[in-house]
$ cat query.cif   # mmCIF, C-alpha atoms and all ligand atoms; chains and numbers go by the auth columns
data_my_file
loop_
_atom_site.group_PDB
_atom_site.id
_atom_site.type_symbol
_atom_site.label_atom_id
_atom_site.label_comp_id
_atom_site.label_asym_id
_atom_site.label_seq_id
_atom_site.Cartn_x
_atom_site.Cartn_y
_atom_site.Cartn_z
_atom_site.B_iso_or_equiv
_atom_site.auth_seq_id
_atom_site.auth_asym_id
ATOM 1 C CA MET A 1 0.000 0.000 0.000 0.00 317 A
ATOM 2 C CA SER A 2 1.477 3.357 -0.908 0.00 318 A
ATOM 3 C CA GLN A 3 1.757 5.838 1.930 0.00 319 A
ATOM 4 C CA ARG A 4 0.566 9.369 1.298 0.00 320 A
ATOM 5 C CA VAL A 5 3.276 11.946 1.872 0.00 321 A
ATOM 6 C CA GLU A 6 2.177 15.062 3.752 0.00 322 A
ATOM 7 C CA PRO A 7 2.470 18.196 1.677 0.00 323 A
ATOM 8 C CA ARG A 8 5.138 20.673 2.686 0.00 324 A
ATOM 9 C CA ILE A 9 5.758 24.327 1.963 0.00 325 A
ATOM 10 C CA ARG A 10 8.551 24.695 -0.550 0.00 326 A
ATOM 11 C CA LYS A 11 10.317 27.765 -1.827 0.00 327 A
ATOM 12 C CA ALA A 12 10.422 28.388 -5.551 0.00 328 A
ATOM 13 C CA ALA A 13 12.696 30.715 -7.488 0.00 329 A
ATOM 14 C CA LEU A 14 9.727 31.907 -9.552 0.00 330 A
ATOM 15 C CA VAL A 15 5.980 31.370 -9.688 0.00 331 A
ATOM 16 C CA ARG A 16 4.417 32.904 -12.767 0.00 332 A
ATOM 17 C CA GLY A 17 0.765 33.868 -13.071 0.00 333 A
ATOM 18 C CA ASP A 18 -0.976 35.628 -15.940 0.00 334 A
ATOM 19 C CA THR A 19 0.581 39.052 -15.308 0.00 335 A
ATOM 20 C CA LEU A 20 2.327 38.769 -11.919 0.00 336 A
ATOM 21 C CA THR A 21 5.418 36.853 -10.835 0.00 337 A
ATOM 22 C CA PHE A 22 6.349 35.710 -7.351 0.00 338 A
ATOM 23 C CA ARG A 23 10.111 35.689 -6.791 0.00 339 A
ATOM 24 C CA ASP A 24 11.831 34.157 -3.775 0.00 340 A
ATOM 25 C CA ALA A 25 12.826 36.998 -1.432 0.00 341 A
ATOM 26 C CA GLU A 26 16.539 37.845 -1.310 0.00 342 A
ATOM 27 C CA LEU A 27 18.797 39.876 0.967 0.00 343 A
ATOM 28 C CA ASP A 28 18.620 42.825 -1.418 0.00 344 A
ATOM 29 C CA ASP A 29 14.860 43.020 -0.931 0.00 345 A
ATOM 30 C CA ALA A 30 15.347 44.099 2.686 0.00 346 A
ATOM 31 C CA GLU A 31 14.917 47.794 1.969 0.00 347 A
ATOM 32 C CA PHE A 32 11.784 47.271 -0.121 0.00 348 A
ATOM 33 C CA ILE A 33 10.238 45.008 2.519 0.00 349 A
ATOM 34 C CA LEU A 34 11.039 47.515 5.266 0.00 350 A
ATOM 35 C CA SER A 35 9.471 50.325 3.259 0.00 351 A
ATOM 36 C CA LEU A 36 6.190 48.394 3.224 0.00 352 A
ATOM 37 C CA ARG A 37 6.399 47.108 6.785 0.00 353 A
ATOM 38 C CA THR A 38 7.146 50.508 8.273 0.00 354 A
ATOM 39 C CA ASP A 39 4.413 52.328 6.344 0.00 355 A
ATOM 40 C CA ALA A 40 2.010 53.355 9.103 0.00 356 A
ATOM 41 C CA GLU A 41 -1.147 52.729 7.088 0.00 357 A
ATOM 42 C CA LYS A 42 -0.088 49.400 5.574 0.00 358 A
ATOM 43 C CA SER A 43 1.326 47.955 8.773 0.00 359 A
ATOM 44 C CA ARG A 44 -1.666 48.928 10.871 0.00 360 A
ATOM 45 C CA TYR A 45 -2.909 45.330 10.981 0.00 361 A
ATOM 46 C CA LEU A 46 0.462 43.555 10.769 0.00 362 A
ATOM 47 C CA SER A 47 2.892 42.525 13.474 0.00 363 A
ATOM 48 C CA HIS A 48 5.491 45.160 14.202 0.00 364 A
ATOM 49 C CA VAL A 49 8.844 45.012 12.412 0.00 365 A
ATOM 50 C CA PRO A 50 11.603 47.346 13.649 0.00 366 A
ATOM 51 C CA ASN A 51 12.884 49.917 11.144 0.00 367 A
ATOM 52 C CA ASP A 52 16.330 48.320 11.068 0.00 368 A
ATOM 53 C CA LEU A 53 17.841 47.423 7.703 0.00 369 A
ATOM 54 C CA GLU A 54 20.542 45.143 9.127 0.00 370 A
ATOM 55 C CA ALA A 55 18.004 43.241 11.208 0.00 371 A
ATOM 56 C CA GLN A 56 15.834 42.801 8.113 0.00 372 A
ATOM 57 C CA ARG A 57 18.807 41.533 6.109 0.00 373 A
ATOM 58 C CA ALA A 58 19.681 39.132 8.918 0.00 374 A
ATOM 59 C CA TRP A 59 16.090 37.880 8.942 0.00 375 A
ATOM 60 C CA LEU A 60 16.271 37.243 5.176 0.00 376 A
ATOM 61 C CA ALA A 61 19.632 35.467 5.541 0.00 377 A
ATOM 62 C CA ARG A 62 18.128 33.138 8.155 0.00 378 A
ATOM 63 C CA TYR A 63 15.068 32.637 5.977 0.00 379 A
ATOM 64 C CA ALA A 64 17.266 31.523 3.044 0.00 380 A
ATOM 65 C CA GLN A 65 18.663 28.686 5.199 0.00 381 A
ATOM 66 C CA GLU A 66 15.307 27.552 6.586 0.00 382 A
ATOM 67 C CA ARG A 67 12.748 25.184 5.216 0.00 383 A
ATOM 68 C CA GLY A 68 9.039 25.311 5.871 0.00 384 A
ATOM 69 C CA GLN A 69 8.215 28.770 4.622 0.00 385 A
ATOM 70 C CA ALA A 70 8.231 30.604 1.307 0.00 386 A
ATOM 71 C CA TYR A 71 8.558 34.373 1.278 0.00 387 A
ATOM 72 C CA PHE A 72 7.800 35.918 -2.080 0.00 388 A
ATOM 73 C CA ILE A 73 8.271 39.313 -3.637 0.00 389 A
ATOM 74 C CA ILE A 74 5.342 40.042 -5.962 0.00 390 A
ATOM 75 C CA GLU A 75 6.447 41.603 -9.245 0.00 391 A
ATOM 76 C CA PHE A 76 4.542 43.235 -12.069 0.00 392 A
ATOM 77 C CA LYS A 77 6.334 44.066 -15.321 0.00 393 A
ATOM 78 C CA GLY A 78 9.667 43.531 -13.576 0.00 394 A
ATOM 79 C CA GLU A 79 8.865 45.922 -10.731 0.00 395 A
ATOM 80 C CA ARG A 80 8.393 44.928 -7.092 0.00 396 A
ATOM 81 C CA ILE A 81 4.848 45.658 -5.974 0.00 397 A
ATOM 82 C CA GLY A 82 4.437 43.626 -2.798 0.00 398 A
ATOM 83 C CA THR A 83 5.093 40.595 -0.618 0.00 399 A
ATOM 84 C CA LEU A 84 3.390 37.483 0.656 0.00 400 A
ATOM 85 C CA ARG A 85 4.453 34.452 2.644 0.00 401 A
ATOM 86 C CA LEU A 86 3.393 30.807 2.981 0.00 402 A
ATOM 87 C CA TYR A 87 4.165 29.278 6.387 0.00 403 A
ATOM 88 C CA ASP A 88 2.888 27.079 9.250 0.00 404 A
ATOM 89 C CA ALA A 89 1.941 23.861 7.413 0.00 405 A
ATOM 90 C CA ARG A 90 -0.355 21.752 9.564 0.00 406 A
ATOM 91 C CA GLY A 91 -1.042 18.415 7.879 0.00 407 A
ATOM 92 C CA ASP A 92 -2.858 19.158 4.638 0.00 408 A
ATOM 93 C CA SER A 93 -3.416 22.830 5.478 0.00 409 A
ATOM 94 C CA PHE A 94 -1.038 25.746 4.946 0.00 410 A
ATOM 95 C CA CYS A 95 -1.173 29.326 6.177 0.00 411 A
ATOM 96 C CA TRP A 96 -0.419 32.479 4.225 0.00 412 A
ATOM 97 C CA GLY A 97 0.002 36.109 5.158 0.00 413 A
ATOM 98 C CA SER A 98 2.543 38.976 5.256 0.00 414 A
ATOM 99 C CA TRP A 99 0.459 40.073 2.281 0.00 415 A
ATOM 100 C CA ILE A 100 1.139 43.684 1.347 0.00 416 A
ATOM 101 C CA LEU A 101 0.745 45.526 -1.935 0.00 417 A
ATOM 102 C CA LYS A 102 2.248 48.942 -2.464 0.00 418 A
ATOM 103 C CA ASP A 103 0.346 52.007 -3.565 0.00 419 A
ATOM 104 C CA GLY A 104 0.087 52.230 -7.311 0.00 420 A
ATOM 105 C CA ARG A 105 -0.396 48.466 -7.700 0.00 421 A
ATOM 106 C CA PRO A 106 -2.593 47.417 -10.608 0.00 422 A
ATOM 107 C CA ARG A 107 -6.202 46.884 -9.563 0.00 423 A
ATOM 108 C CA HIS A 108 -6.136 43.178 -10.342 0.00 424 A
ATOM 109 C CA ALA A 109 -3.018 42.492 -8.215 0.00 425 A
ATOM 110 C CA ALA A 110 -4.844 41.437 -5.041 0.00 426 A
ATOM 111 C CA MET A 111 -7.075 38.960 -6.871 0.00 427 A
ATOM 112 C CA GLU A 112 -4.352 37.517 -9.060 0.00 428 A
ATOM 113 C CA SER A 113 -1.845 37.142 -6.219 0.00 429 A
ATOM 114 C CA ALA A 114 -4.382 35.378 -3.967 0.00 430 A
ATOM 115 C CA LEU A 115 -5.381 33.012 -6.798 0.00 431 A
ATOM 116 C CA MET A 116 -1.683 32.336 -7.480 0.00 432 A
ATOM 117 C CA VAL A 117 -1.177 31.358 -3.837 0.00 433 A
ATOM 118 C CA TYR A 118 -3.952 28.783 -4.139 0.00 434 A
ATOM 119 C CA ALA A 119 -2.777 27.503 -7.537 0.00 435 A
ATOM 120 C CA TYR A 120 0.788 27.081 -6.238 0.00 436 A
ATOM 121 C CA SER A 121 -0.154 25.490 -2.928 0.00 437 A
ATOM 122 C CA VAL A 122 -2.746 23.084 -4.351 0.00 438 A
ATOM 123 C CA ASP A 123 -1.366 22.179 -7.799 0.00 439 A
ATOM 124 C CA HIS A 124 2.349 22.237 -6.971 0.00 440 A
ATOM 125 C CA LEU A 125 2.638 21.557 -3.237 0.00 441 A
ATOM 126 C CA GLY A 126 -0.347 19.263 -2.730 0.00 442 A
ATOM 127 C CA PHE A 127 -2.205 21.142 0.027 0.00 443 A
ATOM 128 C CA THR A 128 -5.971 20.712 0.267 0.00 444 A
ATOM 129 C CA ALA A 129 -6.845 23.414 2.801 0.00 445 A
ATOM 130 C CA CYS A 130 -5.711 26.743 4.108 0.00 446 A
ATOM 131 C CA HIS A 131 -5.833 28.570 7.436 0.00 447 A
ATOM 132 C CA PHE A 132 -4.950 32.144 8.293 0.00 448 A
ATOM 133 C CA ASP A 133 -5.673 34.944 10.709 0.00 449 A
ATOM 134 C CA VAL A 134 -6.730 38.485 10.013 0.00 450 A
ATOM 135 C CA ARG A 135 -6.525 41.280 12.580 0.00 451 A
ATOM 136 C CA LYS A 136 -9.850 42.360 14.019 0.00 452 A
ATOM 137 C CA GLY A 137 -10.825 45.584 12.305 0.00 453 A
ATOM 138 C CA ASN A 138 -9.096 44.750 8.991 0.00 454 A
ATOM 139 C CA GLU A 139 -12.528 44.683 7.392 0.00 455 A
ATOM 140 C CA ARG A 140 -11.427 45.066 3.798 0.00 456 A
ATOM 141 C CA VAL A 141 -9.208 41.997 4.003 0.00 457 A
ATOM 142 C CA ILE A 142 -11.821 40.009 5.930 0.00 458 A
ATOM 143 C CA LYS A 143 -14.344 40.743 3.200 0.00 459 A
ATOM 144 C CA PHE A 144 -11.825 39.809 0.531 0.00 460 A
ATOM 145 C CA HIS A 145 -11.280 36.344 2.048 0.00 461 A
ATOM 146 C CA GLU A 146 -14.967 35.761 2.745 0.00 462 A
ATOM 147 C CA ARG A 147 -15.688 36.299 -0.937 0.00 463 A
ATOM 148 C CA PHE A 148 -13.311 33.385 -1.575 0.00 464 A
ATOM 149 C CA GLY A 149 -15.369 31.219 0.782 0.00 465 A
ATOM 150 C CA ALA A 150 -13.186 31.528 3.886 0.00 466 A
ATOM 151 C CA VAL A 151 -15.037 30.586 7.074 0.00 467 A
ATOM 152 C CA ARG A 152 -14.439 32.210 10.440 0.00 468 A
ATOM 153 C CA VAL A 153 -13.621 29.390 12.860 0.00 469 A
ATOM 154 C CA GLY A 154 -12.471 31.266 15.931 0.00 470 A
ATOM 155 C CA ALA A 155 -10.762 34.290 17.348 0.00 471 A
ATOM 156 C CA THR A 156 -7.957 35.334 19.625 0.00 472 A
ATOM 157 C CA GLU A 157 -7.771 38.647 21.425 0.00 473 A
ATOM 158 C CA LEU A 158 -6.220 40.202 18.296 0.00 474 A
ATOM 159 C CA ASP A 159 -7.297 38.111 15.329 0.00 475 A
ATOM 160 C CA HIS A 160 -10.143 36.387 13.556 0.00 476 A
ATOM 161 C CA LEU A 161 -9.158 32.847 12.534 0.00 477 A
ATOM 162 C CA PHE A 162 -10.229 31.573 9.123 0.00 478 A
ATOM 163 C CA GLN A 163 -10.196 28.323 7.194 0.00 479 A
ATOM 164 C CA LEU A 164 -10.743 27.603 3.547 0.00 480 A
ATOM 165 C CA ASP A 165 -11.354 24.068 2.260 0.00 481 A
ATOM 166 C CA LEU A 166 -10.439 22.616 -1.122 0.00 482 A
ATOM 167 C CA THR A 167 -13.986 22.837 -2.466 0.00 483 A
ATOM 168 C CA SER A 168 -14.068 26.583 -1.799 0.00 484 A
ATOM 169 C CA ILE A 169 -10.544 27.109 -3.132 0.00 485 A
ATOM 170 C CA GLN A 170 -11.330 25.337 -6.392 0.00 486 A
ATOM 171 C CA ALA A 171 -14.712 27.075 -6.720 0.00 487 A
ATOM 172 C CA ALA A 172 -13.023 30.464 -6.348 0.00 488 A
ATOM 173 C CA ARG A 173 -10.386 29.541 -8.919 0.00 489 A
ATOM 174 C CA ARG A 174 -13.119 28.574 -11.408 0.00 490 A
ATOM 175 C CA LYS A 175 -15.156 31.683 -10.610 0.00 491 A
ATOM 176 C CA TYR A 176 -12.289 34.143 -11.014 0.00 492 A
ATOM 177 C CA THR A 177 -10.575 32.937 -14.194 0.00 493 A
ATOM 178 C CA GLU A 178 -10.548 36.535 -15.449 0.00 494 A
ATOM 179 C CA PHE A 179 -7.788 37.157 -12.851 0.00 495 A
ATOM 180 C CA LEU A 180 -5.915 33.850 -13.267 0.00 496 A
ATOM 181 C CA ALA A 181 -6.914 31.743 -16.243 0.00 497 A
ATOM 182 C CA SER A 182 -5.771 28.340 -15.017 0.00 498 A
ATOM 183 C CA SER A 183 -2.670 27.706 -12.917 0.00 499 A
ATOM 184 C CA VAL A 184 0.855 28.958 -12.347 0.00 500 A
ATOM 185 C CA GLU A 185 4.198 28.022 -13.882 0.00 501 A
ATOM 186 C CA VAL A 186 6.867 27.216 -11.335 0.00 502 A
ATOM 187 C CA ALA A 187 10.639 27.359 -11.763 0.00 503 A
ATOM 188 C CA GLY A 188 13.322 26.354 -9.278 0.00 504 A
ATOM 189 C CA LEU A 189 11.122 24.460 -6.820 0.00 505 A
ATOM 190 C CA GLN A 190 13.244 23.599 -3.764 0.00 506 A
HETATM 191 C C1 LIG B . -4.173 43.148 1.814 0.00 1 B
HETATM 192 C C2 LIG B . -3.937 43.888 0.506 0.00 1 B
HETATM 193 C C3 LIG B . -2.696 43.262 -0.161 0.00 1 B
HETATM 194 C C4 LIG B . -5.142 43.639 -0.411 0.00 1 B
HETATM 195 O O1 LIG B . -4.975 44.355 -1.594 0.00 1 B
HETATM 196 P P1 LIG B . -6.066 45.433 -2.065 0.00 1 B
HETATM 197 O O2 LIG B . -5.659 45.910 -3.406 0.00 1 B
HETATM 198 O O3 LIG B . -6.249 46.426 -0.977 0.00 1 B
HETATM 199 O O4 LIG B . -7.375 44.511 -2.173 0.00 1 B
HETATM 200 P P2 LIG B . -8.886 44.976 -2.418 0.00 1 B
HETATM 201 O O5 LIG B . -9.728 44.233 -1.473 0.00 1 B
HETATM 202 O O6 LIG B . -8.995 46.460 -2.479 0.00 1 B
HETATM 203 O O7 LIG B . -9.113 44.380 -3.884 0.00 1 B
HETATM 204 C C5 LIG B . -8.487 44.947 -5.038 0.00 1 B
HETATM 205 C C6 LIG B . -9.502 45.091 -6.153 0.00 1 B
HETATM 206 O O8 LIG B . -10.054 43.799 -6.416 0.00 1 B
HETATM 207 C C7 LIG B . -11.473 43.872 -6.278 0.00 1 B
HETATM 208 N N1 LIG B . -11.933 42.625 -5.679 0.00 1 B
HETATM 209 C C8 LIG B . -11.696 42.180 -4.426 0.00 1 B
HETATM 210 N N2 LIG B . -12.302 41.008 -4.251 0.00 1 B
HETATM 211 C C9 LIG B . -12.926 40.736 -5.411 0.00 1 B
HETATM 212 C C10 LIG B . -13.732 39.665 -5.849 0.00 1 B
HETATM 213 N N3 LIG B . -13.978 38.626 -5.060 0.00 1 B
HETATM 214 N N4 LIG B . -14.221 39.697 -7.098 0.00 1 B
HETATM 215 C C11 LIG B . -13.955 40.720 -7.915 0.00 1 B
HETATM 216 N N5 LIG B . -13.194 41.777 -7.572 0.00 1 B
HETATM 217 C C12 LIG B . -12.690 41.762 -6.327 0.00 1 B
HETATM 218 C C13 LIG B . -11.736 45.016 -5.331 0.00 1 B
HETATM 219 O O9 LIG B . -13.030 45.549 -5.519 0.00 1 B
HETATM 220 C C14 LIG B . -10.678 45.998 -5.755 0.00 1 B
HETATM 221 O O10 LIG B . -11.066 46.659 -6.941 0.00 1 B
HETATM 222 P P3 LIG B . -11.215 48.278 -6.974 0.00 1 B
HETATM 223 O O11 LIG B . -9.814 48.785 -6.837 0.00 1 B
HETATM 224 O O12 LIG B . -11.812 48.516 -8.294 0.00 1 B
HETATM 225 O O13 LIG B . -12.073 48.613 -5.805 0.00 1 B
HETATM 226 C C15 LIG B . -3.715 45.410 0.718 0.00 1 B
HETATM 227 O O14 LIG B . -4.906 45.989 1.180 0.00 1 B
HETATM 228 C C16 LIG B . -2.615 45.750 1.704 0.00 1 B
HETATM 229 O O15 LIG B . -1.444 45.845 1.340 0.00 1 B
HETATM 230 N N6 LIG B . -2.999 45.945 2.997 0.00 1 B
HETATM 231 C C17 LIG B . -2.079 46.294 4.056 0.00 1 B
HETATM 232 C C18 LIG B . -1.478 45.072 4.672 0.00 1 B
HETATM 233 C C19 LIG B . -2.517 44.094 5.242 0.00 1 B
HETATM 234 O O16 LIG B . -3.366 44.475 6.028 0.00 1 B
HETATM 235 N N7 LIG B . -2.398 42.829 4.822 0.00 1 B
HETATM 236 C C20 LIG B . -3.288 41.784 5.227 0.00 1 B
HETATM 237 C C21 LIG B . -2.754 41.071 6.355 0.00 1 B
HETATM 238 S S1 LIG B . -3.790 39.695 6.753 0.00 1 B
#
$ encode --input "query.cif" --output "structure tokens" --more "lines below"
Ligand SMILES: CC(C)(COP(=O)(O)OP(=O)(O)OC[C@H]1O[C@@H](n2cnc3c(N)ncnc32)[C@H](O)[C@@H]1OP(=O)(O)O)[C@@H](O)C(=O)NCCC(=O)NCCS
Amino acid sequence: MSQRVEPRIRKAALVRGDTLTFRDAELDDAEFILSLRTDAEKSRYLSHVPNDLEAQRAWLARYAQERGQAYFIIEFKGERIGTLRLYDARGDSFCWGSWILKDGRPRHAAMESALMVYAYSVDHLGFTACHFDVRKGNERVIKFHERFGAVRVGATELDHLFQLDLTSIQAARRKYTEFLASSVEVAGLQ
């Protein structure tokens, strides 16, 4: 009898969608990441990151040696427009977050990047569910995920906890093909 291998989060050099590309984060992205994470408006519902370039570079150097998470820079037409991260695999479910898009992003970037996360994690990594938390009060993001079929399953003092099952993920991918036609192309899967 063949034993099913649990999915795991893997880094990839590149994940290509219809118009966006995810690129594995590098040391030289530290300044860009800090600019997003220290923007008062954008970081309002994110955990605090000190405004320290060397500390950010050190974090990225540690990240490069670690397994179990994938931190991506989101690019559009060769320009960095944001970040997102896959982490905390629990059995068949993965978590994603650290999702930030800079001002001036194209309007479709949020939809396409979310659909790319699901295409990558399901088609290439083998996950069949997703869990994540969203800060209480981050209504725009809560609404975004609920439109994908995310279900609120609990709360902590700070966060609402959500889950999304495979049926909902695949239904959203079929519903929103105008933002991501089918799947993603992956290069340099680690
Ligand atoms: C989280 C974040 C990346 C989302 O990106 P965003 O561009 O703000 O996402 P929006 O919900 O505004 O959606 C973008 C567009 O897609 C549209 N859209 C959203 N969901 C949609 C859906 N299900 N179907 C069709 N269109 C949809 C929106 O209406 C919007 O279009 P508009 O510009 O014409 O109004 C961004 O708000 C951000 O950087 N926030 C700060 C950091 C943060 O809080 N991150 C989340 C941590 S959990």
$ residues_around --input "query.cif" --residues "stretch 321-332 of chain A" --least-positions-apart "4" --cutoff "9 Å" --atoms "all atoms listed in the file" --output "NGL selection string"
:A and (336-341 or 383-388 or 402-410 or 432 or 436-437 or 441-444 or 499-506)
$ resolve_selection --input "query.cif" --expression "the PyMOL selection byres (((not hetatm)) within 8 of (chain B and resi 1))" --output "ChimeraX atom specification"
/A:357-362,398,413-418,421-427,448-451,454,456-457,459-461,463-464,492
$ write_last_selection --input "query.cif" --atoms "C-alpha atoms" --output "CSV table (one decimal), in the frame of the given file"
chain,number,residue,atom,x,y,z
A,357,GLU,CA,-1.1,52.7,7.1
A,358,LYS,CA,-0.1,49.4,5.6
A,359,SER,CA,1.3,48.0,8.8
A,360,ARG,CA,-1.7,48.9,10.9
A,361,TYR,CA,-2.9,45.3,11.0
A,362,LEU,CA,0.5,43.6,10.8
A,398,GLY,CA,4.4,43.6,-2.8
A,413,GLY,CA,0.0,36.1,5.2
A,414,SER,CA,2.5,39.0,5.3
A,415,TRP,CA,0.5,40.1,2.3
A,416,ILE,CA,1.1,43.7,1.3
A,417,LEU,CA,0.7,45.5,-1.9
A,418,LYS,CA,2.2,48.9,-2.5
A,421,ARG,CA,-0.4,48.5,-7.7
A,422,PRO,CA,-2.6,47.4,-10.6
A,423,ARG,CA,-6.2,46.9,-9.6
A,424,HIS,CA,-6.1,43.2,-10.3
A,425,ALA,CA,-3.0,42.5,-8.2
A,426,ALA,CA,-4.8,41.4,-5.0
A,427,MET,CA,-7.1,39.0,-6.9
A,448,PHE,CA,-5.0,32.1,8.3
A,449,ASP,CA,-5.7,34.9,10.7
A,450,VAL,CA,-6.7,38.5,10.0
A,451,ARG,CA,-6.5,41.3,12.6
A,454,ASN,CA,-9.1,44.8,9.0
A,456,ARG,CA,-11.4,45.1,3.8
A,457,VAL,CA,-9.2,42.0,4.0
A,459,LYS,CA,-14.3,40.7,3.2
A,460,PHE,CA,-11.8,39.8,0.5
A,461,HIS,CA,-11.3,36.3,2.0
A,463,ARG,CA,-15.7,36.3,-0.9
A,464,PHE,CA,-13.3,33.4,-1.6
A,492,TYR,CA,-12.3,34.1,-11.0
$ atom_distance --input "query.cif" --atom1 "atom CA of A:Arg468" --atom2 "atom CA of A:Leu480"
9.1 Å
$ axis_aligned_box --input "query.cif" --around "stretch 418-431 of chain A" --padding-each-side "4 Å" --output "AutoDock Vina command-line options"
--center_x -2.4 --center_y 42.6 --center_z -6.5 --size_x 17.3 --size_y 27.2 --size_z 16.1
$ atom_distance --input "query.cif" --atom1 "atom CA of A:Ala374" --atom2 "atom CA of A:Ala356"
22.7 Å
$ closest_residue --input "query.cif" --among "A:Asn367, A:Gly453, A:Ile397, A:Cys446" --to "A:Gly465" --atoms "only C-alpha atoms"
A:Cys446
$ resolve_selection --input "query.cif" --expression "the PyMOL selection byres (((chain A and resi 470) around 12) and not hetatm)" --output "MDAnalysis selection string"
chainID A and resid 447:450 452 467:469 471:479
$ atom_distance --input "query.cif" --atom1 "atom CA of A:Arg401" --atom2 "atom CA of A:Arg373"
16.4 Å
$ residues_around --input "query.cif" --residues "A:Glu342" --least-positions-apart "5" --cutoff "8 Å" --atoms "only C-alpha atoms" --output "ChimeraX atom specification"
/A:376-377,380
$ closest_residue --input "query.cif" --among "A:Arg396, A:Val433, A:Asp355, A:Asp334" --to "A:Trp412" --atoms "all atoms listed in the file"
A:Val433
$ resolve_selection --input "query.cif" --expression "the PyMOL selection byres (((chain A and resi 369) around 8) and not hetatm)" --output "ChimeraX atom specification"
/A:346-347,350,367-368,370-373
$ closest_residue --input "query.cif" --among "A:Ile485, A:Ala466, A:Val365, A:Ile389" --to "A:Phe348" --atoms "all atoms listed in the file"
A:Ile389
$ closest_residue --input "query.cif" --among "A:Leu352, A:Thr335, A:Asp344, A:Glu428" --to "A:Lys393" --atoms "all atoms listed in the file"
A:Thr335
